[in-house]
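The file entry-v8.cif comes next; it holds mmCIF, C-alpha atoms and all ligand atoms.
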```cif
data_entry
loop_
_atom_site.label_atom_id
_atom_site.label_comp_id
_atom_site.auth_asym_id
_atom_site.auth_seq_id
_atom_site.Cartn_x
_atom_site.Cartn_y
_atom_site.Cartn_z
CA MET A 1361 -5.32 16.64 21.29
CA ARG A 1362 -2.72 16.00 18.59
CA VAL A 1363 -3.83 13.37 16.09
CA GLY A 1364 -1.74 11.49 13.52
CA VAL A 1365 -3.31 10.26 10.27
CA LEU A 1366 -2.06 7.70 7.78
CA THR A 1367 -3.37 5.99 4.64
CA GLY A 1368 -2.06 2.47 3.93
CA GLY A 1369 -2.45 -0.22 1.26
CA GLY A 1370 -3.69 0.32 -2.28
CA ASP A 1371 -5.03 3.85 -2.82
CA CYS A 1372 -8.74 4.33 -3.21
CA PRO A 1373 -11.04 7.18 -4.30
CA GLY A 1374 -12.37 8.89 -1.17
CA LEU A 1375 -9.25 8.80 1.02
CA ASN A 1376 -8.86 12.57 0.80
CA ALA A 1377 -12.54 13.07 1.58
CA VAL A 1378 -12.07 11.13 4.85
CA MET A 1379 -9.10 13.27 5.86
CA ARG A 1380 -10.88 16.50 4.94
CA ALA A 1381 -13.81 15.56 7.21
CA VAL A 1382 -11.51 14.42 10.04
CA VAL A 1383 -9.51 17.65 9.94
CA ARG A 1384 -12.47 20.00 9.49
CA LYS A 1385 -14.45 18.54 12.38
CA GLY A 1386 -11.36 17.90 14.50
CA VAL A 1387 -10.17 21.51 14.27
CA GLN A 1388 -13.55 23.26 14.27
CA ARG A 1389 -15.37 21.19 16.93
CA TYR A 1390 -12.67 19.66 19.07
CA GLY A 1391 -9.69 22.01 18.72
CA CYS A 1392 -7.41 19.16 17.56
CA GLU A 1393 -4.10 19.53 15.76
CA PHE A 1394 -3.08 17.03 13.09
CA VAL A 1395 0.02 15.56 11.56
CA GLY A 1396 0.01 13.36 8.46
CA PHE A 1397 2.36 10.39 8.12
CA ARG A 1398 3.66 9.82 4.62
CA ASP A 1399 3.19 6.48 2.83
CA GLY A 1400 1.28 4.50 5.44
CA TRP A 1401 3.20 2.77 8.23
CA HIS A 1402 6.42 3.69 6.46
CA GLY A 1403 5.96 7.31 7.61
CA LEU A 1404 5.69 6.22 11.21
CA LEU A 1405 8.74 4.00 10.98
CA GLU A 1406 10.81 6.77 9.41
CA GLY A 1407 9.27 9.78 11.15
CA ASP A 1408 8.27 11.15 7.74
CA THR A 1409 5.49 13.69 8.24
CA VAL A 1410 3.22 15.88 6.11
CA ARG A 1411 1.46 19.09 7.20
CA LEU A 1412 -2.22 18.35 7.76
CA ASP A 1413 -4.41 21.32 8.59
CA ILE A 1414 -7.51 22.93 7.07
CA PRO A 1415 -5.63 24.67 4.21
CA ALA A 1416 -3.93 21.35 3.38
CA VAL A 1417 -7.25 19.55 2.92
CA ARG A 1418 -9.09 22.32 1.06
CA GLY A 1419 -10.18 21.33 -2.44
CA THR A 1420 -9.39 17.65 -1.86
CA LEU A 1421 -12.97 16.32 -1.67
CA PRO A 1422 -13.19 15.34 -5.37
CA ARG A 1423 -9.53 14.38 -5.66
CA GLY A 1424 -8.59 10.71 -6.10
CA GLY A 1425 -5.55 9.05 -4.55
CA THR A 1426 -4.21 10.25 -1.21
CA ILE A 1427 -2.41 13.48 -0.40
CA LEU A 1428 -0.40 11.53 2.21
CA GLY A 1429 0.84 8.84 -0.16
CA SER A 1430 0.45 5.14 0.60
CA SER A 1431 2.47 1.94 0.81
CA ARG A 1432 2.09 -1.69 1.76
CA THR A 1433 4.78 -1.48 4.46
CA ASN A 1434 4.21 -3.94 7.29
CA PRO A 1435 5.91 -2.61 10.47
CA PHE A 1436 5.84 -6.07 12.06
CA LYS A 1437 8.16 -7.26 9.29
CA GLU A 1438 10.62 -4.38 9.90
CA ALA A 1439 13.48 -4.56 12.39
CA ASP A 1440 12.49 -2.80 15.61
CA GLY A 1441 9.22 -1.73 13.96
CA VAL A 1442 7.07 -1.17 17.05
CA ARG A 1443 9.82 0.70 18.92
CA ARG A 1444 10.35 2.99 15.91
CA ILE A 1445 6.61 3.70 15.66
CA ASN A 1446 6.42 4.55 19.36
CA ALA A 1447 9.48 6.77 19.05
CA THR A 1448 7.86 8.71 16.18
CA LEU A 1449 4.59 9.07 18.09
CA ALA A 1450 6.50 10.41 21.10
CA LYS A 1451 8.66 12.78 19.02
CA GLU A 1452 5.62 14.19 17.20
CA GLU A 1453 3.69 14.33 20.50
CA VAL A 1454 0.85 12.39 18.93
CA ASP A 1455 -1.92 11.34 21.36
CA ALA A 1456 -3.97 9.33 18.89
CA LEU A 1457 -3.73 7.79 15.45
CA ILE A 1458 -6.33 7.40 12.70
CA ALA A 1459 -5.37 4.57 10.34
CA ILE A 1460 -7.26 4.51 7.05
CA GLY A 1461 -6.79 1.23 5.22
CA GLY A 1462 -7.91 -2.26 4.30
CA GLU A 1463 -7.45 -5.58 6.05
CA ASP A 1464 -3.64 -5.32 6.21
CA THR A 1465 -3.37 -1.73 7.47
CA LEU A 1466 -6.20 -2.24 9.96
CA GLY A 1467 -4.73 -5.60 11.03
CA VAL A 1468 -1.54 -3.76 12.01
CA ALA A 1469 -3.63 -1.10 13.80
CA ALA A 1470 -5.51 -3.82 15.73
CA ARG A 1471 -2.25 -5.40 16.89
CA LEU A 1472 -0.75 -2.05 17.87
CA VAL A 1473 -3.78 -1.35 20.06
CA GLN A 1474 -4.08 -4.82 21.58
CA GLU A 1475 -0.43 -5.71 22.06
CA HIS A 1476 1.23 -2.32 22.47
CA GLY A 1477 -1.45 0.04 23.82
CA VAL A 1478 -1.28 2.51 20.92
CA HIS A 1479 -4.31 4.86 20.82
CA CYS A 1480 -5.72 4.08 17.43
CA VAL A 1481 -9.02 4.32 15.54
CA GLY A 1482 -9.57 2.73 12.11
CA VAL A 1483 -11.37 3.75 8.95
CA PRO A 1484 -12.05 0.97 6.40
CA LYS A 1485 -11.08 1.43 2.77
CA THR A 1486 -10.91 -0.88 -0.20
CA ILE A 1487 -12.33 -0.82 -3.69
CA ASP A 1488 -12.79 -4.61 -3.33
CA ASN A 1489 -15.52 -4.12 -0.65
CA ASP A 1490 -14.34 -7.26 1.13
CA LEU A 1491 -14.24 -6.10 4.77
CA SER A 1492 -16.85 -8.00 6.75
CA ALA A 1493 -17.74 -5.45 9.43
CA THR A 1494 -19.11 -2.79 7.09
CA ASP A 1495 -21.89 -2.95 4.50
CA TYR A 1496 -19.81 -0.95 2.02
CA THR A 1497 -16.38 0.61 1.81
CA PHE A 1498 -15.81 3.83 -0.13
CA GLY A 1499 -14.00 3.37 -3.44
CA PHE A 1500 -16.15 0.38 -4.34
CA ASP A 1501 -18.95 2.41 -5.92
CA THR A 1502 -16.43 4.36 -8.00
CA ALA A 1503 -14.73 1.16 -9.17
CA VAL A 1504 -18.07 -0.42 -10.12
CA GLY A 1505 -18.98 2.74 -12.05
CA VAL A 1506 -15.70 2.65 -14.00
CA ALA A 1507 -16.07 -1.07 -14.76
CA THR A 1508 -19.72 -0.68 -15.82
CA GLU A 1509 -18.87 2.16 -18.16
CA ALA A 1510 -16.11 0.02 -19.67
CA ILE A 1511 -18.50 -2.90 -20.20
CA ASP A 1512 -21.05 -0.57 -21.86
CA ARG A 1513 -18.37 0.64 -24.25
CA LEU A 1514 -17.08 -2.85 -24.94
CA HIS A 1515 -20.54 -4.07 -25.98
CA THR A 1516 -20.61 -1.92 -29.13
CA THR A 1517 -17.12 -2.80 -30.29
CA ALA A 1518 -17.65 -6.51 -29.51
CA GLU A 1519 -20.86 -6.50 -31.57
CA SER A 1520 -19.25 -4.67 -34.48
CA HIS A 1521 -16.69 -7.45 -34.81
CA MET A 1522 -18.76 -10.29 -33.35
CA ARG A 1523 -15.92 -11.28 -31.06
CA VAL A 1524 -15.73 -12.23 -27.39
CA LEU A 1525 -14.43 -9.53 -25.08
CA VAL A 1526 -13.13 -10.66 -21.72
CA VAL A 1527 -12.95 -7.89 -19.10
CA GLU A 1528 -10.67 -8.50 -16.13
CA VAL A 1529 -11.58 -6.43 -13.08
CA MET A 1530 -9.99 -6.17 -9.62
CA GLY A 1531 -11.08 -8.44 -6.79
CA ARG A 1532 -8.41 -10.51 -5.11
CA HIS A 1533 -10.48 -12.65 -2.73
CA ALA A 1534 -13.98 -11.36 -3.44
CA GLY A 1535 -15.93 -10.86 -6.64
CA TRP A 1536 -17.97 -7.81 -5.62
CA ILE A 1537 -16.73 -5.51 -8.39
CA ALA A 1538 -17.19 -8.25 -11.00
CA LEU A 1539 -20.67 -9.14 -9.80
CA HIS A 1540 -22.00 -5.59 -9.50
CA SER A 1541 -20.50 -4.30 -12.74
CA GLY A 1542 -21.32 -7.50 -14.63
CA LEU A 1543 -24.95 -7.30 -13.59
CA ALA A 1544 -25.14 -3.54 -14.25
CA GLY A 1545 -23.41 -3.92 -17.62
CA GLY A 1546 -25.34 -6.94 -18.90
CA ALA A 1547 -22.37 -9.31 -19.09
CA ASN A 1548 -22.71 -12.74 -20.67
CA CYS A 1549 -21.26 -14.24 -17.51
CA VAL A 1550 -19.39 -13.19 -14.37
CA LEU A 1551 -16.54 -15.20 -12.86
CA ILE A 1552 -15.57 -14.59 -9.25
CA PRO A 1553 -12.88 -15.89 -6.86
CA GLU A 1554 -15.46 -17.51 -4.58
CA GLN A 1555 -16.73 -19.90 -7.28
CA PRO A 1556 -14.14 -21.79 -9.37
CA PHE A 1557 -15.32 -21.73 -12.98
CA ASP A 1558 -15.59 -24.49 -15.57
CA VAL A 1559 -14.00 -23.35 -18.83
CA ASP A 1560 -16.29 -25.58 -20.92
CA GLU A 1561 -19.33 -24.09 -19.21
CA VAL A 1562 -18.05 -20.56 -19.96
CA CYS A 1563 -17.54 -21.61 -23.61
CA GLY A 1564 -21.13 -22.93 -23.65
CA TRP A 1565 -22.44 -19.55 -22.45
CA VAL A 1566 -20.34 -17.74 -25.03
CA THR A 1567 -21.59 -19.94 -27.86
CA SER A 1568 -25.20 -19.54 -26.83
CA ARG A 1569 -24.83 -15.74 -26.83
CA PHE A 1570 -23.50 -15.85 -30.39
CA ARG A 1571 -26.48 -17.98 -31.39
CA ALA A 1572 -28.71 -15.14 -30.21
CA SER A 1573 -26.67 -12.86 -32.51
CA TYR A 1574 -25.02 -10.95 -29.69
CA ALA A 1575 -21.32 -10.72 -28.91
CA PRO A 1576 -20.55 -11.89 -25.37
CA ILE A 1577 -18.79 -9.88 -22.68
CA VAL A 1578 -17.18 -12.11 -20.06
CA VAL A 1579 -16.38 -10.36 -16.76
CA VAL A 1580 -13.70 -12.07 -14.71
CA ALA A 1581 -12.29 -11.02 -11.34
CA GLU A 1582 -8.48 -11.11 -11.18
CA GLY A 1583 -8.68 -13.68 -8.36
CA ALA A 1584 -11.03 -16.09 -10.17
CA VAL A 1585 -9.68 -19.63 -10.67
CA PRO A 1586 -10.56 -22.36 -13.14
CA LYS A 1587 -11.90 -25.59 -11.60
CA GLY A 1588 -9.08 -27.99 -10.88
CA GLY A 1589 -6.44 -25.33 -11.61
CA GLY A 1590 -4.52 -22.74 -9.61
CA MET A 1591 -4.62 -18.99 -9.69
CA VAL A 1592 -3.30 -17.47 -12.94
CA LEU A 1593 -0.47 -15.11 -11.98
CA LYS A 1594 1.52 -12.50 -13.84
CA ASP A 1595 4.63 -13.19 -11.78
CA GLY A 1596 5.37 -14.66 -8.35
CA SER A 1597 6.34 -11.43 -6.57
CA GLN A 1598 4.81 -10.72 -3.17
CA ASP A 1599 4.27 -7.61 -1.05
CA SER A 1600 5.27 -7.44 2.63
CA PHE A 1601 1.89 -8.83 3.69
CA GLY A 1602 2.55 -11.91 1.51
CA HIS A 1603 0.07 -11.06 -1.28
CA VAL A 1604 1.11 -12.20 -4.75
CA ARG A 1605 0.65 -9.85 -7.70
CA LEU A 1606 -2.49 -10.82 -9.60
CA SER A 1607 -3.70 -10.29 -13.20
CA GLY A 1608 -3.45 -12.71 -16.07
CA VAL A 1609 -6.62 -14.77 -15.78
CA GLY A 1610 -8.39 -12.63 -18.42
CA GLU A 1611 -5.67 -13.21 -21.01
CA TRP A 1612 -5.54 -16.91 -20.18
CA LEU A 1613 -9.31 -17.29 -20.45
CA ALA A 1614 -9.53 -15.48 -23.80
CA LYS A 1615 -7.01 -17.96 -25.24
CA GLN A 1616 -9.01 -20.89 -23.87
CA ILE A 1617 -12.26 -19.51 -25.31
CA GLU A 1618 -10.67 -18.88 -28.70
CA SER A 1619 -9.18 -22.36 -28.99
CA ARG A 1620 -12.30 -24.17 -27.71
CA THR A 1621 -15.02 -22.20 -29.56
CA GLY A 1622 -13.16 -20.98 -32.64
CA LYS A 1623 -14.44 -17.45 -31.95
CA GLU A 1624 -12.01 -14.57 -31.76
CA ALA A 1625 -11.53 -13.44 -28.16
CA ARG A 1626 -9.70 -10.39 -26.77
CA THR A 1627 -9.01 -9.15 -23.26
CA THR A 1628 -9.27 -5.77 -21.56
CA VAL A 1629 -7.59 -5.50 -18.15
CA LEU A 1630 -9.06 -2.51 -16.32
CA GLY A 1631 -6.42 -2.58 -13.57
CA HIS A 1632 -5.68 0.64 -11.72
CA ILE A 1633 -8.13 2.68 -13.82
CA GLN A 1634 -10.70 1.32 -11.34
CA ARG A 1635 -8.82 2.92 -8.46
CA GLY A 1636 -7.77 6.22 -9.96
CA GLY A 1637 -9.56 9.50 -10.45
CA THR A 1638 -12.40 11.28 -8.75
CA PRO A 1639 -14.67 9.45 -6.27
CA SER A 1640 -18.37 8.99 -7.08
CA ALA A 1641 -20.94 11.03 -5.15
CA PHE A 1642 -21.75 7.97 -2.99
CA ASP A 1643 -18.09 7.43 -2.13
CA ARG A 1644 -17.61 11.10 -1.22
CA TRP A 1645 -20.69 10.87 1.02
CA LEU A 1646 -19.54 7.65 2.71
CA ALA A 1647 -15.92 8.75 3.10
CA THR A 1648 -16.99 12.08 4.58
CA ARG A 1649 -19.30 10.41 7.09
CA PHE A 1650 -16.57 7.91 8.04
CA GLY A 1651 -14.22 10.83 8.69
CA LEU A 1652 -16.75 12.73 10.82
CA HIS A 1653 -17.41 9.64 12.96
CA ALA A 1654 -13.74 8.64 13.21
CA ILE A 1655 -12.79 11.95 14.82
CA ASP A 1656 -15.75 11.55 17.21
CA ALA A 1657 -14.31 8.17 18.25
CA VAL A 1658 -10.91 9.80 18.83
CA HIS A 1659 -12.50 12.62 20.85
CA GLU A 1660 -14.26 9.99 23.00
CA GLN A 1661 -11.00 8.00 23.29
CA ASP A 1662 -12.74 4.90 21.96
CA TRP A 1663 -9.47 3.17 21.02
CA GLY A 1664 -9.40 -0.04 19.03
CA THR A 1665 -12.60 0.73 17.16
CA MET A 1666 -13.34 1.14 13.47
CA VAL A 1667 -16.19 3.09 11.89
CA ALA A 1668 -18.54 1.05 9.72
CA LEU A 1669 -21.67 1.48 7.63
CA ARG A 1670 -24.73 -0.53 8.76
CA GLY A 1671 -27.73 0.31 6.65
CA THR A 1672 -27.60 4.10 6.65
CA ASP A 1673 -26.01 4.38 10.11
CA ILE A 1674 -22.34 4.80 10.88
CA VAL A 1675 -21.47 2.57 13.85
CA ARG A 1676 -18.28 1.58 15.67
CA VAL A 1677 -17.01 -2.00 15.74
CA PRO A 1678 -13.89 -3.48 17.36
CA LEU A 1679 -10.92 -3.33 14.98
CA SER A 1680 -10.22 -6.98 15.73
CA GLU A 1681 -13.71 -7.93 14.52
CA ALA A 1682 -13.33 -5.83 11.40
CA THR A 1683 -10.24 -7.66 10.27
CA ALA A 1684 -11.12 -11.16 11.45
CA ARG A 1685 -13.06 -12.32 8.40
CA LEU A 1686 -13.29 -11.34 4.74
CA LYS A 1687 -16.68 -10.50 3.25
CA THR A 1688 -17.10 -12.70 0.21
CA VAL A 1689 -19.96 -13.08 -2.27
CA ASP A 1690 -22.69 -15.31 -0.92
CA PRO A 1691 -23.36 -18.34 -3.19
CA ALA A 1692 -27.09 -17.45 -3.27
CA LEU A 1693 -26.29 -13.97 -4.55
CA TYR A 1694 -24.09 -15.39 -7.28
CA GLU A 1695 -26.78 -17.93 -8.17
CA GLU A 1696 -29.27 -15.07 -8.52
CA ALA A 1697 -27.11 -13.47 -11.23
CA GLY A 1698 -26.81 -16.82 -13.07
CA VAL A 1699 -30.15 -16.36 -14.84
CA PHE A 1700 -28.41 -13.91 -17.20
CA PHE A 1701 -25.46 -16.19 -18.04
CA GLY A 1702 -25.35 -17.53 -21.56
O1 LIG B 1 -6.87 -2.97 -2.86
C1 LIG B 1 -7.00 -4.28 -3.34
C2 LIG B 1 -6.66 -4.33 -4.78
O2 LIG B 1 -7.48 -3.47 -5.45
C3 LIG B 1 -6.76 -5.76 -5.32
O3 LIG B 1 -7.95 -6.04 -5.97
C4 LIG B 1 -5.59 -5.83 -6.25
O4 LIG B 1 -5.10 -7.15 -6.35
C5 LIG B 1 -4.59 -4.95 -5.60
O5 LIG B 1 -5.33 -3.92 -4.99
C6 LIG B 1 -3.56 -4.42 -6.55
O6 LIG B 1 -2.89 -3.36 -5.96
P1 LIG B 1 -1.38 -2.95 -6.26
O7 LIG B 1 -1.19 -2.97 -7.72
O8 LIG B 1 -1.26 -1.59 -5.66
O9 LIG B 1 -0.54 -3.96 -5.55
#
```

Written as structure tokens, how would this file's structure read?
Ligand code: F6P
Amino acid sequence: MRVGVLTGGGDCPGLNAVMRAVVRKGVQRYGCEFVGFRDGWHGLLEGDTVRLDIPAVRGTLPRGGTILGSSRTNPFKEADGVRRINATLAKEEVDALIAIGGEDTLGVAARLVQEHGVHCVGVPKTIDNDLSATDYTFGFDTAVGVATEAIDRLHTTAESHMRVLVVEVMGRHAGWIALHSGLAGGANCVLIPEQPFDVDEVCGWVTSRFRASYAPIVVVAEGAVPKGGGMVLKDGSQDSFGHVRLSGVGEWLAKQIESRTGKEARTTVLGHIQRGGTPSAFDRWLATRFGLHAIDAVHEQDWGTMVALRGTDIVRVPLSEATARLKTVDPALYEEAGVFFG
């Protein structure tokens, strides 16, 4: 069998580990051949391929990013998109496709299977951990580790100057990175997209931390919104899936805190540092297992499925189910963390 592989959406530590496992097991156990498509769906639209065999994936387990490149290209927004994809699949004699991506990439894969009969299997990826069908996605643990280390470091400098440090982390629709790193790093409070925050309440927490002679660290997810206000945006630009570019809430909040409490406040935006670099041991483990099970699904011609983590098992779920609903932070879980706020 000849199998095409693509990585779409924002890059994520562990993508290469998935491909290494897919290729190793595919070649060694099932006698498959592989072709990589460059830059997500863009590679399929343009017929832009990358060699993908065992030598190509050697040494890539600890490497961040993706050796195939990635993009947020949406083929359903491109003229003649589906016909061009089918033409590339035919030209490259590809029998099956493994799409590694988040809700957008897998949403395209689900439509290609359902509406156009493309033989496709999905592998979930996102540092935001917001896909409902899987307990965890790889990349998340690495991002939480980076954010926690940053918070640890910010504590000592905040205390030396007795100022507020606001840390803005990624998390467009879901506050998983903020919640996990904020709890692990002993933040003064954690603000997530699921729960609009009250600026006066945040200022109250900050003031009470100063009273205890500690300098507060405020962790805010990029998608968090103040009560009664809209999302704070850097600019209005959108990608081809209609997502606006986030970041800016941290800076905005620091100004609010400074003017309302009279305490100096500064912002650190962690941004793409959370996505770059080597995957954690957990993410390498999860990505590798996803890859091993994805090539099994291809071998068994189980089209339209996605591999997922349930407890310690890797299972298969319908792609349509995987992309139907976002996994957001449960209010009870957020409430649990609230005991440390202030
Ligand atoms: O993959 C999701 C994400 O990490 C979001 O949290 C963030 O808004 C987005 O990626 C930013 O990605 P990019 O800068 O590549 O558009």

Note to self: When you count all atoms listed in the file, which of these residues is closest to ligand LIG 1 (chain B): A:Ile1487, A:Ile1674, A:Leu1646, A:Ala1518?
What the structure shows: A:Ile1487

Note to self: as a ChimeraX atom specification, please: every protein or nucleic acid residue near ligand LIG 1 (chain B) (cut-off 9 Å, counting all atoms listed in the file).
What the structure shows: /A:1369-1372,1431-1432,1462,1485-1489,1529-1534,1581-1583,1598-1599,1603-1607,1631-1632,1634-1635

Notebook entry, point to check: In Å, how far is it from CA of Asp1455 in chain A to CA of His1659 in chain A?
Noted result: 10.7 Å

Note to self: Would you pick out the contacts of Ala1654 in chain A at 12 Å or less, using only C-alpha atoms, so that residues sharing its chain but fewer than 4 positions from it are not included, and give the list as an NGL selection string?
What the structure shows: :A and (1363 or 1365 or 1378-1383 or 1385-1386 or 1456-1460 or 1480-1484 or 1647-1650 or 1658-1668 or 1674-1677)

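If all atoms listed in the file are the atoms counted, then among A:Glu1528, A:Asp1673, A:Phe1436, A:Ala1682 the closest residue to Gly1608 in chain A is A:Glu1528.
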
Next item on the list: Take CA of His1402 in chain A and CA of Ser1492 in chain A and report the distance between them in Å, one decimal.
Entry: 26.0 Å
